[in-house]
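Asks: See entry.csv below, with CSV, C-alpha atoms.
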```
chain,number,residue,atom,x,y,z
A,1468,MET,CA,6.3,44.1,-34.3
A,1469,LYS,CA,9.5,43.4,-32.3
A,1470,VAL,CA,12.8,44.8,-33.6
A,1471,ASN,CA,16.3,43.6,-32.7
A,1472,ILE,CA,19.3,45.4,-34.1
A,1473,SER,CA,22.9,44.6,-34.0
A,1474,PRO,CA,25.5,47.3,-34.3
A,1475,PRO,CA,27.6,47.6,-37.5
A,1476,GLU,CA,30.9,45.6,-37.3
A,1477,ALA,CA,33.9,47.8,-36.8
A,1478,ASN,CA,37.0,47.6,-39.1
A,1479,SER,CA,39.8,46.0,-37.2
A,1480,LYS,CA,42.2,48.8,-38.3
A,1481,LYS,CA,39.9,51.4,-36.7
A,1482,LYS,CA,39.0,52.0,-33.2
A,1483,MET,CA,36.2,49.9,-31.7
A,1484,TRP,CA,32.8,51.6,-31.5
A,1485,ALA,CA,30.9,51.6,-28.3
A,1486,GLN,CA,27.5,50.1,-28.5
A,1487,HIS,CA,25.8,53.2,-27.3
A,1488,SER,CA,27.5,55.3,-30.0
A,1489,PHE,CA,24.8,54.6,-32.5
A,1490,SER,CA,21.3,55.8,-33.0
A,1491,TYR,CA,18.9,54.1,-35.5
A,1492,ASN,CA,16.3,55.3,-37.9
A,1493,ALA,CA,13.7,52.9,-39.3
A,1494,VAL,CA,11.6,53.3,-42.5
A,1495,ILE,CA,8.3,51.4,-42.4
A,1496,TRP,CA,5.7,50.9,-45.1
A,1497,LYS,CA,2.8,48.6,-46.0
A,1498,LYS,CA,3.8,46.1,-48.5
A,1499,SER,CA,0.6,46.1,-50.6
A,1500,SER,CA,0.1,49.9,-50.4
A,1501,ASN,CA,1.4,52.9,-52.2
A,1502,ALA,CA,1.3,54.9,-49.0
A,1503,GLU,CA,4.3,57.0,-48.2
A,1504,PRO,CA,6.8,55.3,-45.9
A,1505,LYS,CA,7.1,56.5,-42.3
A,1506,ASN,CA,10.4,57.3,-40.6
A,1507,ARG,CA,10.8,56.8,-36.9
A,1508,ALA,CA,13.7,56.6,-34.5
A,1509,ILE,CA,14.0,53.2,-32.8
A,1510,TYR,CA,16.2,51.6,-30.1
A,1511,PRO,CA,18.4,48.5,-30.6
A,1512,ARG,CA,15.6,46.5,-29.0
A,1513,ASP,CA,12.2,48.1,-29.6
A,1514,ILE,CA,8.6,47.3,-30.2
A,1515,ILE,CA,6.6,49.0,-33.0
A,1516,ASP,CA,3.1,48.7,-31.7
A,1517,ASP,CA,1.0,51.1,-33.8
A,1518,LEU,CA,0.6,48.8,-36.8
A,1519,GLU,CA,-2.6,47.2,-38.1
A,1520,PRO,CA,-3.3,43.6,-37.4
A,1521,GLU,CA,-3.1,40.9,-40.1
A,1522,THR,CA,-1.2,43.3,-42.4
A,1523,ALA,CA,2.1,42.9,-44.2
A,1524,TYR,CA,4.7,45.5,-43.4
A,1525,CYS,CA,8.3,46.1,-44.7
A,1526,MET,CA,11.1,48.0,-43.1
A,1527,LYS,CA,14.7,48.9,-43.4
A,1528,VAL,CA,17.1,50.5,-40.8
A,1529,GLN,CA,19.9,53.0,-41.0
A,1530,ALA,CA,22.6,53.5,-38.3
A,1531,ARG,CA,24.0,56.9,-37.4
A,1532,LEU,CA,27.3,57.4,-35.6
A,1533,ILE,CA,26.5,60.0,-32.9
A,1534,SER,CA,30.0,61.2,-32.1
A,1535,GLU,CA,30.9,61.9,-35.8
A,1536,ALA,CA,27.4,62.7,-37.1
A,1537,LYS,CA,27.8,60.1,-39.9
A,1538,ARG,CA,25.0,58.1,-41.4
A,1539,GLY,CA,25.4,54.5,-42.6
A,1540,TYR,CA,23.8,52.5,-45.4
A,1541,PHE,CA,20.3,51.1,-45.0
A,1542,SER,CA,20.0,47.5,-44.0
A,1543,PRO,CA,18.3,45.0,-46.4
A,1544,GLU,CA,14.5,45.2,-46.5
A,1545,GLN,CA,12.6,42.8,-44.4
A,1546,CYS,CA,8.8,42.1,-44.5
A,1547,ILE,CA,6.6,40.6,-41.9
A,1548,ASN,CA,2.8,39.9,-41.4
A,1549,THR,CA,1.3,41.2,-38.2
A,1550,THR,CA,-1.2,39.0,-36.3
A,1551,ARG,CA,-4.2,39.4,-34.1
A,1552,ALA,CA,-4.4,38.3,-30.5
A,1553,SER,CA,-5.7,34.8,-30.4
A,1554,ASN,CA,-7.1,34.8,-26.8
A,1555,GLY,CA,-9.9,37.2,-27.6
A,1556,LEU,CA,-8.5,40.1,-25.4
A,1557,PRO,CA,-7.3,42.9,-27.5
A,1558,CYS,CA,-4.7,45.4,-26.3
A,1559,PRO,CA,-5.8,48.3,-24.2
A,1560,THR,CA,-6.1,51.4,-26.4
A,1561,ASN,CA,-6.2,55.2,-26.1
A,1562,VAL,CA,-3.5,55.2,-23.4
A,1563,THR,CA,-2.7,58.8,-22.4
A,1564,VAL,CA,-0.7,60.5,-19.7
A,1565,HIS,CA,-1.7,63.7,-18.0
A,1566,ALA,CA,0.8,65.5,-15.8
A,1567,LEU,CA,0.2,68.6,-13.7
A,1568,ASN,CA,2.9,69.9,-11.2
A,1569,MET,CA,4.7,66.6,-11.5
A,1570,LYS,CA,1.7,64.5,-10.6
A,1571,PHE,CA,1.3,61.9,-13.3
A,1572,LEU,CA,-1.9,60.1,-14.2
A,1573,LEU,CA,-2.3,57.4,-16.8
A,1574,ASN,CA,-5.7,56.8,-18.5
A,1575,TRP,CA,-7.0,54.3,-21.0
A,1576,ASP,CA,-10.2,53.0,-22.4
A,1577,ASN,CA,-12.1,49.9,-21.2
A,1578,HIS,CA,-13.7,48.4,-24.3
A,1579,TYR,CA,-14.1,44.9,-22.9
A,1580,ASN,CA,-17.5,43.3,-22.6
A,1581,LYS,CA,-16.3,41.0,-19.7
A,1582,ASN,CA,-14.8,41.6,-16.3
A,1583,VAL,CA,-11.1,42.3,-16.7
A,1584,SER,CA,-8.4,43.6,-14.5
A,1585,PHE,CA,-5.5,45.8,-15.6
A,1586,ASN,CA,-1.8,45.9,-14.8
A,1587,VAL,CA,0.4,49.0,-15.4
A,1588,GLN,CA,4.1,48.5,-15.9
A,1589,TYR,CA,7.0,51.0,-16.2
A,1590,LEU,CA,10.5,50.7,-17.7
A,1591,SER,CA,13.4,53.1,-17.2
A,1592,GLY,CA,14.4,54.5,-20.6
A,1593,PHE,CA,18.1,53.8,-19.7
A,1594,TYR,CA,17.7,50.2,-20.6
A,1595,LYS,CA,16.6,50.9,-24.2
A,1596,GLN,CA,20.0,52.4,-25.1
A,1597,PHE,CA,21.6,48.9,-24.9
A,1598,TYR,CA,21.4,45.8,-27.0
A,1599,GLU,CA,20.7,43.4,-24.1
A,1600,ASP,CA,17.2,42.0,-23.6
A,1601,TYR,CA,15.3,44.2,-21.1
A,1602,SER,CA,12.0,42.3,-21.0
A,1603,ASN,CA,12.6,41.5,-17.4
A,1604,LYS,CA,13.2,45.1,-16.5
A,1605,TRP,CA,9.5,46.0,-16.7
A,1606,TYR,CA,8.1,46.5,-13.2
A,1607,ILE,CA,4.6,46.8,-11.8
A,1608,VAL,CA,3.6,50.3,-10.7
A,1609,ALA,CA,2.8,50.3,-7.0
A,1610,GLY,CA,-1.0,50.5,-6.5
A,1611,CYS,CA,-1.8,49.7,-10.1
A,1612,GLU,CA,-1.8,45.9,-10.1
A,1613,ASN,CA,-5.0,43.9,-10.9
A,1614,ILE,CA,-7.1,47.1,-10.7
A,1615,SER,CA,-10.6,47.4,-12.2
A,1616,HIS,CA,-10.6,51.1,-12.9
A,1617,THR,CA,-8.9,52.7,-15.9
A,1618,GLN,CA,-6.6,55.3,-14.2
A,1619,CYS,CA,-3.3,54.9,-12.5
A,1620,ASP,CA,-1.2,57.4,-10.5
A,1621,PHE,CA,2.5,56.6,-11.1
A,1622,SER,CA,4.0,59.8,-9.7
A,1623,SER,CA,6.0,57.9,-7.1
A,1624,ASN,CA,7.8,55.9,-9.8
A,1625,VAL,CA,8.9,59.0,-11.8
A,1626,GLY,CA,11.8,61.3,-11.0
A,1627,ALA,CA,12.9,64.6,-12.5
A,1628,SER,CA,15.8,63.2,-14.4
A,1629,GLY,CA,15.7,60.6,-17.2
A,1630,ASN,CA,12.7,59.2,-19.1
A,1631,TYR,CA,10.4,56.3,-18.7
A,1632,TYR,CA,8.1,54.0,-20.6
A,1633,ILE,CA,4.6,53.0,-19.5
A,1634,ARG,CA,2.3,50.3,-20.8
A,1635,VAL,CA,-0.9,48.5,-19.8
A,1636,ASN,CA,-2.3,45.0,-20.3
A,1637,ALA,CA,-5.6,43.4,-19.4
A,1638,THR,CA,-6.3,40.0,-17.8
A,1639,ASN,CA,-9.4,37.8,-17.6
A,1640,GLY,CA,-8.7,34.7,-15.6
A,1641,TYR,CA,-5.9,32.9,-17.4
A,1642,ASN,CA,-6.3,35.1,-20.6
A,1643,ARG,CA,-3.9,37.9,-20.9
A,1644,SER,CA,-4.1,40.6,-23.5
A,1645,CYS,CA,-1.1,42.0,-25.4
A,1646,SER,CA,0.4,45.1,-24.0
A,1647,SER,CA,-0.8,48.5,-25.0
A,1648,LYS,CA,1.3,51.0,-27.0
A,1649,GLU,CA,4.3,52.1,-24.9
A,1650,ILE,CA,4.0,55.7,-23.8
A,1651,LYS,CA,7.3,57.6,-23.4
A,1652,VAL,CA,7.3,59.9,-20.4
A,1653,ASP,CA,9.9,62.7,-20.2
A,1654,PRO,CA,8.8,64.2,-16.9
A,1655,CYS,CA,10.0,67.8,-17.3
A,1656,VAL,CA,8.8,68.0,-21.0
A,1657,ILE,CA,5.3,66.6,-20.7
A,1658,ASN,CA,4.5,68.1,-17.3
A,1659,GLU,CA,2.1,71.1,-17.3
A,1660,ILE,CA,2.8,73.9,-14.9
A,1661,GLY,CA,-0.1,75.0,-12.7
A,1662,PRO,CA,-1.0,78.4,-11.4
A,1663,PRO,CA,1.1,80.0,-8.7
A,1664,SER,CA,-0.2,81.2,-5.4
A,1665,VAL,CA,-0.3,85.0,-5.0
A,1666,LYS,CA,-0.6,87.4,-2.1
A,1667,VAL,CA,-0.9,91.2,-2.6
A,1668,ASN,CA,-0.4,94.0,-0.1
A,1669,SER,CA,-1.1,97.6,-1.1
A,1670,GLY,CA,0.9,100.6,-0.2
A,1671,PRO,CA,1.0,104.3,-1.2
A,1672,SER,CA,0.8,104.2,-5.0
A,1673,LEU,CA,2.3,100.7,-5.1
A,1674,LEU,CA,1.5,97.0,-4.8
A,1675,ARG,CA,3.7,94.4,-3.1
A,1676,ILE,CA,3.3,90.9,-4.5
A,1677,GLN,CA,4.4,87.6,-2.9
A,1678,ILE,CA,4.5,84.6,-5.3
A,1679,THR,CA,4.6,81.0,-4.4
A,1680,CYS,CA,5.8,78.7,-7.2
A,1681,PRO,CA,3.4,76.1,-8.6
A,1682,GLY,CA,3.6,72.7,-6.9
A,1683,GLU,CA,5.8,73.9,-4.1
A,1684,GLU,CA,5.0,70.8,-2.1
A,1685,ASN,CA,6.6,68.7,-4.9
A,1686,LYS,CA,10.4,68.7,-4.8
A,1687,SER,CA,10.6,67.5,-8.4
A,1688,MET,CA,9.2,70.9,-9.6
A,1689,SER,CA,12.2,72.8,-8.3
A,1690,GLU,CA,14.5,70.2,-9.7
A,1691,CYS,CA,13.1,70.6,-13.2
A,1692,TYR,CA,12.4,74.3,-13.6
A,1693,GLU,CA,13.8,77.6,-12.7
A,1694,PHE,CA,10.8,80.0,-12.8
A,1695,THR,CA,10.3,83.6,-13.8
A,1696,TYR,CA,6.9,85.2,-13.4
A,1697,ARG,CA,4.8,87.2,-15.8
A,1698,ILE,CA,2.5,89.7,-14.1
A,1699,GLN,CA,-0.4,91.3,-15.8
A,1700,TYR,CA,-2.1,94.2,-14.0
A,1701,TRP,CA,-4.7,96.8,-14.9
A,1702,GLU,CA,-6.8,99.5,-13.3
A,1703,ASN,CA,-10.2,98.2,-12.4
A,1704,SER,CA,-12.2,100.6,-14.6
A,1705,SER,CA,-14.5,100.5,-17.6
A,1706,LYS,CA,-11.7,100.5,-20.1
A,1707,PRO,CA,-8.7,98.8,-18.5
A,1708,GLU,CA,-5.3,98.9,-20.1
A,1709,VAL,CA,-3.3,95.8,-19.4
A,1710,GLU,CA,0.3,96.2,-18.3
A,1711,ASN,CA,3.0,93.5,-18.1
A,1712,GLU,CA,6.0,93.1,-15.9
A,1713,VAL,CA,8.5,90.2,-15.4
A,1714,ALA,CA,9.5,89.2,-11.9
A,1715,GLN,CA,12.7,87.3,-11.4
A,1716,GLN,CA,12.1,86.7,-7.7
A,1717,PRO,CA,9.1,85.6,-5.8
A,1718,PHE,CA,8.8,89.1,-4.2
A,1719,HIS,CA,8.0,91.9,-6.5
A,1720,THR,CA,6.8,95.5,-6.2
A,1721,ILE,CA,4.7,97.4,-8.8
A,1722,SER,CA,5.3,101.1,-8.2
A,1723,ASN,CA,4.3,104.4,-9.9
A,1724,LEU,CA,0.6,103.6,-9.6
A,1725,MET,CA,-2.2,106.1,-9.0
A,1726,PRO,CA,-3.1,106.5,-5.3
A,1727,SER,CA,-6.4,105.4,-4.0
A,1728,ARG,CA,-7.2,103.4,-7.1
A,1729,ALA,CA,-8.4,99.8,-7.5
A,1730,TYR,CA,-6.0,97.6,-9.5
A,1731,CYS,CA,-6.3,93.9,-10.5
A,1732,LEU,CA,-3.6,91.5,-11.4
A,1733,LYS,CA,-2.8,87.8,-12.3
A,1734,VAL,CA,0.5,85.9,-12.4
A,1735,GLN,CA,1.8,83.2,-14.6
A,1736,ALA,CA,5.0,81.1,-14.1
A,1737,PHE,CA,7.4,80.6,-17.0
A,1738,ALA,CA,10.2,78.1,-17.4
A,1739,ARG,CA,12.6,79.5,-19.9
A,1740,ALA,CA,14.8,76.4,-20.3
A,1741,TYR,CA,11.8,74.4,-21.6
A,1742,ASN,CA,10.0,77.4,-23.2
A,1743,LYS,CA,7.0,76.3,-21.1
A,1744,SER,CA,4.3,78.7,-19.7
A,1745,GLY,CA,2.1,77.8,-16.8
A,1746,GLN,CA,-1.5,78.6,-16.0
A,1747,PHE,CA,-2.5,82.0,-14.8
A,1748,SER,CA,-3.5,82.5,-11.1
A,1749,ASN,CA,-6.8,83.8,-10.1
A,1750,VAL,CA,-7.4,87.5,-10.5
A,1751,ILE,CA,-6.8,89.5,-7.4
A,1752,CYS,CA,-8.1,93.1,-7.0
A,1753,THR,CA,-7.0,95.6,-4.3
A,1754,GLU,CA,-6.8,99.4,-3.8
A,1755,THR,CA,-3.7,101.4,-3.4
A,1756,LEU,CA,-3.3,103.7,-0.4
A,1757,SER,CA,-3.2,107.5,-0.5
A,1758,ASP,CA,0.1,109.4,-0.6
A,1759,GLN,CA,-1.2,111.7,2.2
A,1760,MET,CA,-1.5,110.4,5.7
A,1761,SER,CA,-4.9,110.9,7.4
A,1762,PRO,CA,-5.0,113.0,10.7
A,1763,LEU,CA,-6.0,109.8,12.6
A,1764,VAL,CA,-2.9,108.0,11.4
A,1765,VAL,CA,-0.7,111.0,12.3
A,1766,LEU,CA,-2.3,111.2,15.8
A,1767,THR,CA,-1.9,107.5,16.4
A,1768,THR,CA,1.7,107.6,15.3
A,1769,PHE,CA,2.4,110.5,17.6
A,1770,LEU,CA,0.8,108.9,20.6
A,1771,ILE,CA,2.7,105.7,20.1
A,1772,ALA,CA,6.0,107.6,19.8
A,1773,VAL,CA,5.2,109.5,23.0
A,1774,VAL,CA,4.4,106.3,24.9
A,1775,VAL,CA,7.6,104.7,23.7
A,1776,VAL,CA,9.7,107.7,24.7
A,1777,LEU,CA,8.2,107.7,28.2
A,1778,VAL,CA,8.7,104.0,28.7
A,1779,VAL,CA,12.4,104.3,27.6
A,1780,ALA,CA,12.9,107.3,29.9
A,1781,VAL,CA,11.4,105.6,33.0
A,1782,VAL,CA,13.4,102.5,32.4
A,1783,THR,CA,16.6,104.5,32.0
A,1784,ILE,CA,16.1,106.7,35.1
A,1785,SER,CA,15.1,103.7,37.2
A,1786,GLY,CA,18.3,101.9,36.1
A,1787,ILE,CA,20.5,104.9,36.9
A,1788,TYR,CA,18.8,105.4,40.4
A,1789,LEU,CA,19.3,101.7,41.3
A,1790,SER,CA,22.9,101.8,40.2
A,1791,TYR,CA,23.5,104.9,42.3
A,1792,LYS,CA,22.0,103.2,45.4
A,1793,LYS,CA,24.2,100.2,45.0
A,1794,ILE,CA,27.4,102.3,44.6
A,1795,ILE,CA,26.5,104.3,47.7
A,1796,TYR,CA,25.7,101.2,49.7
A,1797,VAL,CA,29.0,99.4,48.8
A,1798,PHE,CA,31.5,102.3,48.9
A,1799,PHE,CA,29.9,104.8,51.2
A,1800,PRO,CA,27.9,102.9,53.9
A,1801,SER,CA,25.8,105.0,56.3
A,1802,CYS,CA,26.5,103.0,59.4
A,1803,LYS,CA,29.9,103.5,61.2
A,1804,PRO,CA,32.0,100.6,62.7
A,1805,PRO,CA,32.4,100.2,66.5
A,1806,SER,CA,35.1,102.4,68.1
A,1807,ASN,CA,37.3,99.4,69.0
A,1808,ILE,CA,37.5,98.5,65.3
A,1809,GLU,CA,37.7,102.0,64.1
A,1810,SER,CA,40.7,102.7,66.3
A,1811,PHE,CA,42.8,100.3,64.5
A,1812,GLY,CA,42.5,102.3,61.2
A,1813,GLY,CA,44.4,100.7,58.4
A,1814,GLN,CA,45.9,98.1,60.7
A,1815,LEU,CA,42.6,96.1,60.7
A,1816,PHE,CA,43.0,95.3,57.0
A,1817,SER,CA,46.7,94.8,56.9
A,1818,ASN,CA,46.8,92.3,59.8
A,1819,LEU,CA,43.8,90.1,60.1
A,1820,TYR,CA,45.1,88.4,63.3
A,1821,ILE,CA,45.3,91.1,66.1
A,1822,SER,CA,47.0,90.3,69.4
A,1823,THR,CA,45.3,91.8,72.4
A,1824,SER,CA,46.7,92.3,75.8
A,1825,GLU,CA,45.3,90.4,78.7
A,1826,GLU,CA,43.0,92.3,81.0
A,1827,PRO,CA,44.5,92.6,84.6
A,1828,ALA,CA,42.9,90.4,87.1
A,1829,GLU,CA,42.9,90.9,90.8
A,1830,LYS,CA,44.4,88.1,92.9
A,1831,CYS,CA,42.0,87.3,95.8
A,1832,CYS,CA,42.4,84.9,98.7
A,1833,ILE,CA,39.8,83.8,101.1
A,1834,ILE,CA,40.6,84.0,104.8
A,1835,GLU,CA,38.4,82.1,107.1
A,1836,ASN,CA,38.4,83.0,110.8
A,1837,THR,CA,36.9,80.1,112.5
A,1838,ILE,CA,37.0,79.7,116.3
A,1839,GLN,CA,36.9,76.2,117.5
A,1840,GLU,CA,37.4,75.2,121.0
A,1841,GLU,CA,38.5,71.8,120.4
A,1842,ALA,CA,39.8,70.1,117.4
A,1843,ASN,CA,40.2,66.5,116.7
A,1844,PRO,CA,43.0,65.4,114.3
A,1845,THR,CA,40.6,63.0,112.7
A,1846,ASP,CA,38.2,65.8,111.9
A,1847,PHE,CA,41.0,67.8,110.4
A,1848,LYS,CA,41.9,64.9,108.1
A,1849,ASN,CA,38.3,64.5,107.1
A,1850,TYR,CA,38.1,68.2,106.5
A,1851,SER,CA,41.2,68.1,104.4
A,1852,ASN,CA,40.0,65.1,102.4
A,1853,SER,CA,36.7,66.9,101.8
A,1854,LYS,CA,38.5,70.0,100.5
A,1855,GLN,CA,40.7,67.8,98.2
A,1856,SER,CA,37.6,66.1,96.8
A,1857,SER,CA,36.0,69.4,96.1
A,1858,ARG,CA,39.0,70.6,94.2
A,1859,ASP,CA,39.2,67.4,92.1
A,1860,SER,CA,35.5,67.4,91.2
A,1861,GLY,CA,35.6,70.8,89.4
A,1862,ASN,CA,36.0,70.9,85.6
A,1863,TYR,CA,37.9,74.2,85.6
A,1864,SER,CA,40.3,76.0,88.0
A,1865,ASN,CA,42.9,78.8,87.9
A,1866,ASP,CA,46.1,79.3,89.6
A,1867,ASP,CA,45.1,82.3,91.7
A,1868,ASP,CA,42.2,80.5,93.3
A,1869,THR,CA,44.4,77.5,94.1
A,1870,SER,CA,47.0,79.6,95.7
A,1871,GLY,CA,44.3,81.4,97.7
A,1872,SER,CA,43.0,78.1,98.9
A,1873,LYS,CA,46.4,76.9,100.0
A,1874,VAL,CA,46.9,80.1,102.1
A,1875,SER,CA,43.6,79.5,103.7
A,1876,GLU,CA,44.4,76.0,104.6
A,1877,GLU,CA,47.7,76.9,106.1
A,1878,THR,CA,46.1,79.6,108.2
A,1879,LEU,CA,43.4,77.1,109.4
A,1880,GLU,CA,46.0,74.6,110.4
A,1881,GLN,CA,47.9,77.1,112.4
A,1882,GLU,CA,44.7,78.1,114.2
A,1883,ILE,CA,43.9,74.5,115.0
A,1884,VAL,CA,47.3,73.9,116.4
```
How would this structure read if it were set down as structure tokens?
Replies:
Amino acid sequence: MKVNISPPEANSKKKMWAQHSFSYNAVIWKKSSNAEPKNRAIYPRDIIDDLEPETAYCMKVQARLISEAKRGYFSPEQCINTTRASNGLPCPTNVTVHALNMKFLLNWDNHYNKNVSFNVQYLSGFYKQFYEDYSNKWYIVAGCENISHTQCDFSSNVGASGNYYIRVNATNGYNRSCSSKEIKVDPCVINEIGPPSVKVNSGPSLLRIQITCPGEENKSMSECYEFTYRIQYWENSSKPEVENEVAQQPFHTISNLMPSRAYCLKVQAFARAYNKSGQFSNVICTETLSDQMSPLVVLTTFLIAVVVVLVVAVVTISGIYLSYKKIIYVFFPSCKPPSNIESFGGQLFSNLYISTSEEPAEKCCIIENTIQEEANPTDFKNYSNSKQSSRDSGNYSNDDDTSGSKVSEETLEQEIV
């Protein structure tokens, strides 16, 4: 049965009412039966799909103004006869949703005697709050189109906020069944909380517990719930007495236990906002340590401490020695500078450019005593030219040598004359 509701008309003297200010309550009953009428909340555009086929039903609707908590009058009664699907494919039935740690699975029955395929659709509950037609807002769930099995994972289409509607229909060739009953999915409400992961480390008369929240890999879990943890623990004996503790954080310590005793525990997550308890973890048993340290532990600790002290001492002494060597090398060198540098004293550093006096050089001249009986002027000229050529071909000369040569030439000329 499809229901379309129009909001009550507002009095022009009063403020206009928004369409989403109303909620509606429907009273439905069988026309030919004395059964008690059923009340149910409906949306402005809704489908009542849990009725019997080929049966006459009557209904009336009452509006309620949400902001002022006022109820209106009931609408006039309307009656209608339901029908049966004419194409031979009945609606899928027994549609259920199972959700664990925000993983949502839809299941239904396959009561068809012929080969059929199924399509699963979802609708955001946001659209049902308005009076507009939302029939084109139903979308196929990814991976659940024309499937032959009777299970669909629609986790990827569901977020932590809002609510959703899910339905299924069957097809056989060109024949299409009516849609199943719409299932409302409020993720944080219908979801079941699984067991947490638990790690336990024992200490002297205590147990250290590390808890990982259920469905940690699913981000929607942390968006929906803020967990506290119930811890049940007991001594592993013939007559255990169960104790309870509440952990607000994922790290918890149970103290004041008996040393060297075996204890067992299990942990359960609890979401206070939804008053929802999760499944218990597996039982973990461990033994607490003794309060007294064994001689082997004392000896091992002492040896480790001695080794650490020795290593630190060696490193410290080596560092001091190397630093001392560097200081001595830089500020107090063992080698002394040459005497010619040392004689300058402080002047060497105050004046980097030091003028030195020239070393005295002896002036020498070459005197040639040559005895020649006869001399030819031509030979003298050739000899003079030869001497001049020798002087010109040299790369370097000094004044003293030149003067000496000149004296020698003059002497030679006198002797020749």
Asks: So which one's closest to Tyr1730 in chain A, A:Leu1674, A:Ala1714, A:Tyr1540, A:Tyr1692? Using all atoms listed in the file, please.
Replies: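 Using all atoms listed in the file, Tyr1730 in chain A sits closest to A:Leu1674.
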Asks: List as a PDB file with C-alpha atoms, in the frame of the given file: which residues have an atom within 12 Å of (8.0, 96.6, -5.9), counting only C-alpha atoms?
Replies:
```pdb
ATOM      1  CA  VAL A1667      -0.900  91.200  -2.600  1.00  0.00           C
ATOM      2  CA  ASN A1668      -0.400  94.000  -0.100  1.00  0.00           C
ATOM      3  CA  SER A1669      -1.100  97.600  -1.100  1.00  0.00           C
ATOM      4  CA  GLY A1670       0.900 100.600  -0.200  1.00  0.00           C
ATOM      5  CA  PRO A1671       1.000 104.300  -1.200  1.00  0.00           C
ATOM      6  CA  SER A1672       0.800 104.200  -5.000  1.00  0.00           C
ATOM      7  CA  LEU A1673       2.300 100.700  -5.100  1.00  0.00           C
ATOM      8  CA  LEU A1674       1.500  97.000  -4.800  1.00  0.00           C
ATOM      9  CA  ARG A1675       3.700  94.400  -3.100  1.00  0.00           C
ATOM     10  CA  ILE A1676       3.300  90.900  -4.500  1.00  0.00           C
ATOM     11  CA  GLN A1677       4.400  87.600  -2.900  1.00  0.00           C
ATOM     12  CA  GLU A1712       6.000  93.100 -15.900  1.00  0.00           C
ATOM     13  CA  VAL A1713       8.500  90.200 -15.400  1.00  0.00           C
ATOM     14  CA  ALA A1714       9.500  89.200 -11.900  1.00  0.00           C
ATOM     15  CA  GLN A1715      12.700  87.300 -11.400  1.00  0.00           C
ATOM     16  CA  GLN A1716      12.100  86.700  -7.700  1.00  0.00           C
ATOM     17  CA  PRO A1717       9.100  85.600  -5.800  1.00  0.00           C
ATOM     18  CA  PHE A1718       8.800  89.100  -4.200  1.00  0.00           C
ATOM     19  CA  HIS A1719       8.000  91.900  -6.500  1.00  0.00           C
ATOM     20  CA  THR A1720       6.800  95.500  -6.200  1.00  0.00           C
ATOM     21  CA  ILE A1721       4.700  97.400  -8.800  1.00  0.00           C
ATOM     22  CA  SER A1722       5.300 101.100  -8.200  1.00  0.00           C
ATOM     23  CA  ASN A1723       4.300 104.400  -9.900  1.00  0.00           C
ATOM     24  CA  LEU A1724       0.600 103.600  -9.600  1.00  0.00           C
TER      25      LEU A1724
END
```
Asks: Just checking: using only C-alpha atoms, which residue out of A:Ala1627, A:Tyr1589, A:Asn1658, A:Asn1582 ends up closest to Gly1640 in chain A?
Replies: A:Asn1582
Asks: Rounded to one decimal in Å, what is the spacing between CA of Asn1703 in chain A and CA of Cys1752 in chain A?
Replies: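 So the answer is 7.7 Å.
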Asks: Taking 5 positions as the minimum chain separation for residues in the same chain, which residues sit within 12 Å of Val1709 in chain A when counting only C-alpha atoms? Answer as a PyMOL selection string.
Replies: chain A and resi 1698-1704+1730-1733
Asks: Hey, can I get the axis-aligned box for range 1635-1646 of chain A? All listed atoms, 3 Å padding on each side, centre and edge lengths in Å to one decimal, as JSON.
Replies:
```
{"center_x": -4.5, "center_y": 40.7, "center_z": -20.5, "size_x": 15.8, "size_y": 21.6, "size_z": 15.8}
```
Asks: To one decimal in Å, tell me the separation between CA of Cys1525 in chain A and CA of Leu1590 in chain A.
Replies: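 Result for CA of Cys1525 in chain A versus CA of Leu1590 in chain A: 27.5 Å, one decimal.
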